[in-house]
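Below is one structure, written out as structure tokens; comments come after it.
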Amino acid sequence: MIFLRTLLREFANLAVAVFLSLFLIALTTRLIRLLGQAAGGKIPSDAVVAFLGFSALNVLPVLLSLTLFITVLLALNRAWRDSEMVIWFSSGQSLASWLRPVLIFAAPLVFVIGLLSFVISPWSVQMAEQYRSKLDSRDDLSRVEPGTFGESRGKGRVFFVESIAGDKTSVQNVFVSSTQHRRTGVMMSERGYTENAPNGDRFLLLLNGRRYEGAPGEADFRIMEYERYATRIQAKEGDEPEATQKSLSTLGLIENPTRTNMGELLWRIGMPVSALILALLAIPLSFVNPRAGRSMNLLFALLTYMVYSNLLSISQARVALGKLAFGTGWWLVHAVMLVALLALFAQRLAPNWRYWLRRSA
């Protein structure tokens with residue numbers, strides 16, 4: 001009992017360290033991509049944190065599955081290197097005796113992975129799509145970022161605002177470029193503010209500015225000075241985002257069994273099942289000869305994880321294309337890995353069997 005508690009504590013400490021490392025790497029990579037999109041004007045800067053949170057929830061099942069595999073692998077690898085396995089075998093225990101502590105540690109994580117895969121991750125994708133639709137429905141003025149050039153939704157205007165006051169109702173040092181009837185118009189103004197018309201339309205009122213208008217390549221430009229210039233702010237009704245297989249609930253996938261939905265369902269089932277099998281695979285894969293290098297064993301373990309993950313992706317794609325029946329695809333890859341698991345255990349247990357046979361003879 002003391003050994004079990006000690007082992008579970010070691011698993012837990014190592015799992016926290018591994019998960020934080022993987023989570024920070026994934027989060028940093030996604031953050032860099034989102035900041036690039038924000039710098040390019042594809043998403044507003046105030047939406048970066050929200051999209052980062054949705055992405056984190058979506059990637060958690062894969063990270064937890066990888067965390068479980070690496071944790072068991074490194075913990076048992078250390079036991080081999082420190083010759084603790086020699087004491088373990090000398091006391092009459094076999095490698096199969098590690099199944100119980102590994103299963104006790106893996107069970108809560110597999111449950112969390114299943115909850116994330118079946119419920120939380122689809123919800124996060126749905127919320128991200130609704131949030132993106134809400135951002136797309138904002139008017140042009142709400143999309144303005146001070147100090148950067150922006151483009152209207154209809155691609156007909158380019159605008160620049162040096163600063164925005166308070167709740168974005170007042171702007172200063174405005175630059176607007178638009179093309180109408182093959183003539184380019186450029187407006188510059190010291191300041192402006194928004195105003196609502198009686199019919200509900202919103203207008204941007206520019207004060208004390210100039211407008212330059214003409215055709216590119218020609219010299220007949222017109223210059224107009226104005227004290228007050230009104231331009232209508234285009235608004236768009238927010239459309240409900242179209243449901244995709246990734247945003248549908250698990251019950252929705254079952255109720256609408258199309259090829260793509262069945263492929264997505266296969267992936268969701270595969271996440272917790274593969275996490276459990278990988279945790280058990282880590283037991284025989286952790287073997288290392290203390291007198292030899294351990295790099296080959298770790299590389300082989302990494303290769304095993306990559307092959308398993310890619311086989312799941314291939315099965316999902318073939319089910320989505322209709323080239324593989326869902327009734328076969330959801331268990332086929334796991335069955336192959338279970339056979340590999342039994343073969344690895346048989347290989348590692350064979351020396352113990354030969355030892356006990358010689359001893360009994």
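Every chain in the structure tokens takes a letter, A first, then B, and so on in the order presented; its residues are numbered from 1, and the ligands are numbered from 1 following the presented order.
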Pick out the residues sitting within 10 Å of A:Val49, and hand them over as a PyMOL selection string; count only C-alpha atoms, and ignore anything fewer than 3 positions along from it in its own chain. chain A and resi 31+34-35+45-46+52-55
Spatial neighbours of stretch 305-317 of chain A, max dist 8 Å, only C-alpha atoms, sep filter under 4 positions, as a list in words: Gly263, Glu264, Leu266, Trp267, Gly270, Ser274, Leu278, Ala301, Leu321, Leu324, Gly329, Trp330, Val333 and Met337 of chain A
Atoms to include: C-alpha atoms. Write the selected residues as a PDB file, in the first residue's frame.
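In the end it all went to again15.pdb:
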ATOM      1  CA  GLY A 263     -15.621  10.107 -38.931  1.00  0.00           C
ATOM      2  CA  GLU A 264     -15.766  12.751 -36.215  1.00  0.00           C
ATOM      3  CA  LEU A 266     -14.775   7.766 -34.481  1.00  0.00           C
ATOM      4  CA  TRP A 267     -12.166  10.354 -33.471  1.00  0.00           C
ATOM      5  CA  GLY A 270     -10.707   7.026 -30.115  1.00  0.00           C
ATOM      6  CA  SER A 274      -6.226   5.354 -27.195  1.00  0.00           C
ATOM      7  CA  LEU A 278      -1.077   4.107 -24.639  1.00  0.00           C
ATOM      8  CA  ALA A 301       8.069   4.788 -27.855  1.00  0.00           C
ATOM      9  CA  LEU A 321     -14.840   9.326 -47.364  1.00  0.00           C
ATOM     10  CA  LEU A 324     -14.320   2.212 -44.388  1.00  0.00           C
ATOM     11  CA  GLY A 329     -13.179   1.571 -38.214  1.00  0.00           C
ATOM     12  CA  TRP A 330     -13.933   2.532 -34.602  1.00  0.00           C
ATOM     13  CA  VAL A 333      -6.877   0.416 -34.926  1.00  0.00           C
ATOM     14  CA  MET A 337      -2.526  -1.809 -30.836  1.00  0.00           C
TER      15      MET A 337
END
Please determine, counting only C-alpha atoms, which residue among A:Phe160, A:Phe69, A:Trp123, A:Tyr229 has the shortest atom-to-atom distance to A:Phe19. A:Phe69
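Of note, atom CA of A:Glu190 and atom CA of A:Leu206 are spaced 7.8 Å apart.
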At a cut-off of 9 Å, using only C-alpha atoms, what residues contact A:Thr71? Leave out same-chain residues fewer than 4 positions from it and give the result as JSON, numbers by chain. {"A": [11, 12, 14, 15, 18, 66, 67, 75, 76, 279, 282]}
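Nearest to A:Val110 of all the residues A:Pro284, A:Gly36, A:Pro272, A:Pro44 is A:Pro272, based on only C-alpha atoms.
Minimum atom-to-atom distances from A:Met187, A:Leu27, A:Ile164, A:Leu338 to A:Arg222 were compared using only C-alpha atoms, and the lowest value belongs to A:Met187.
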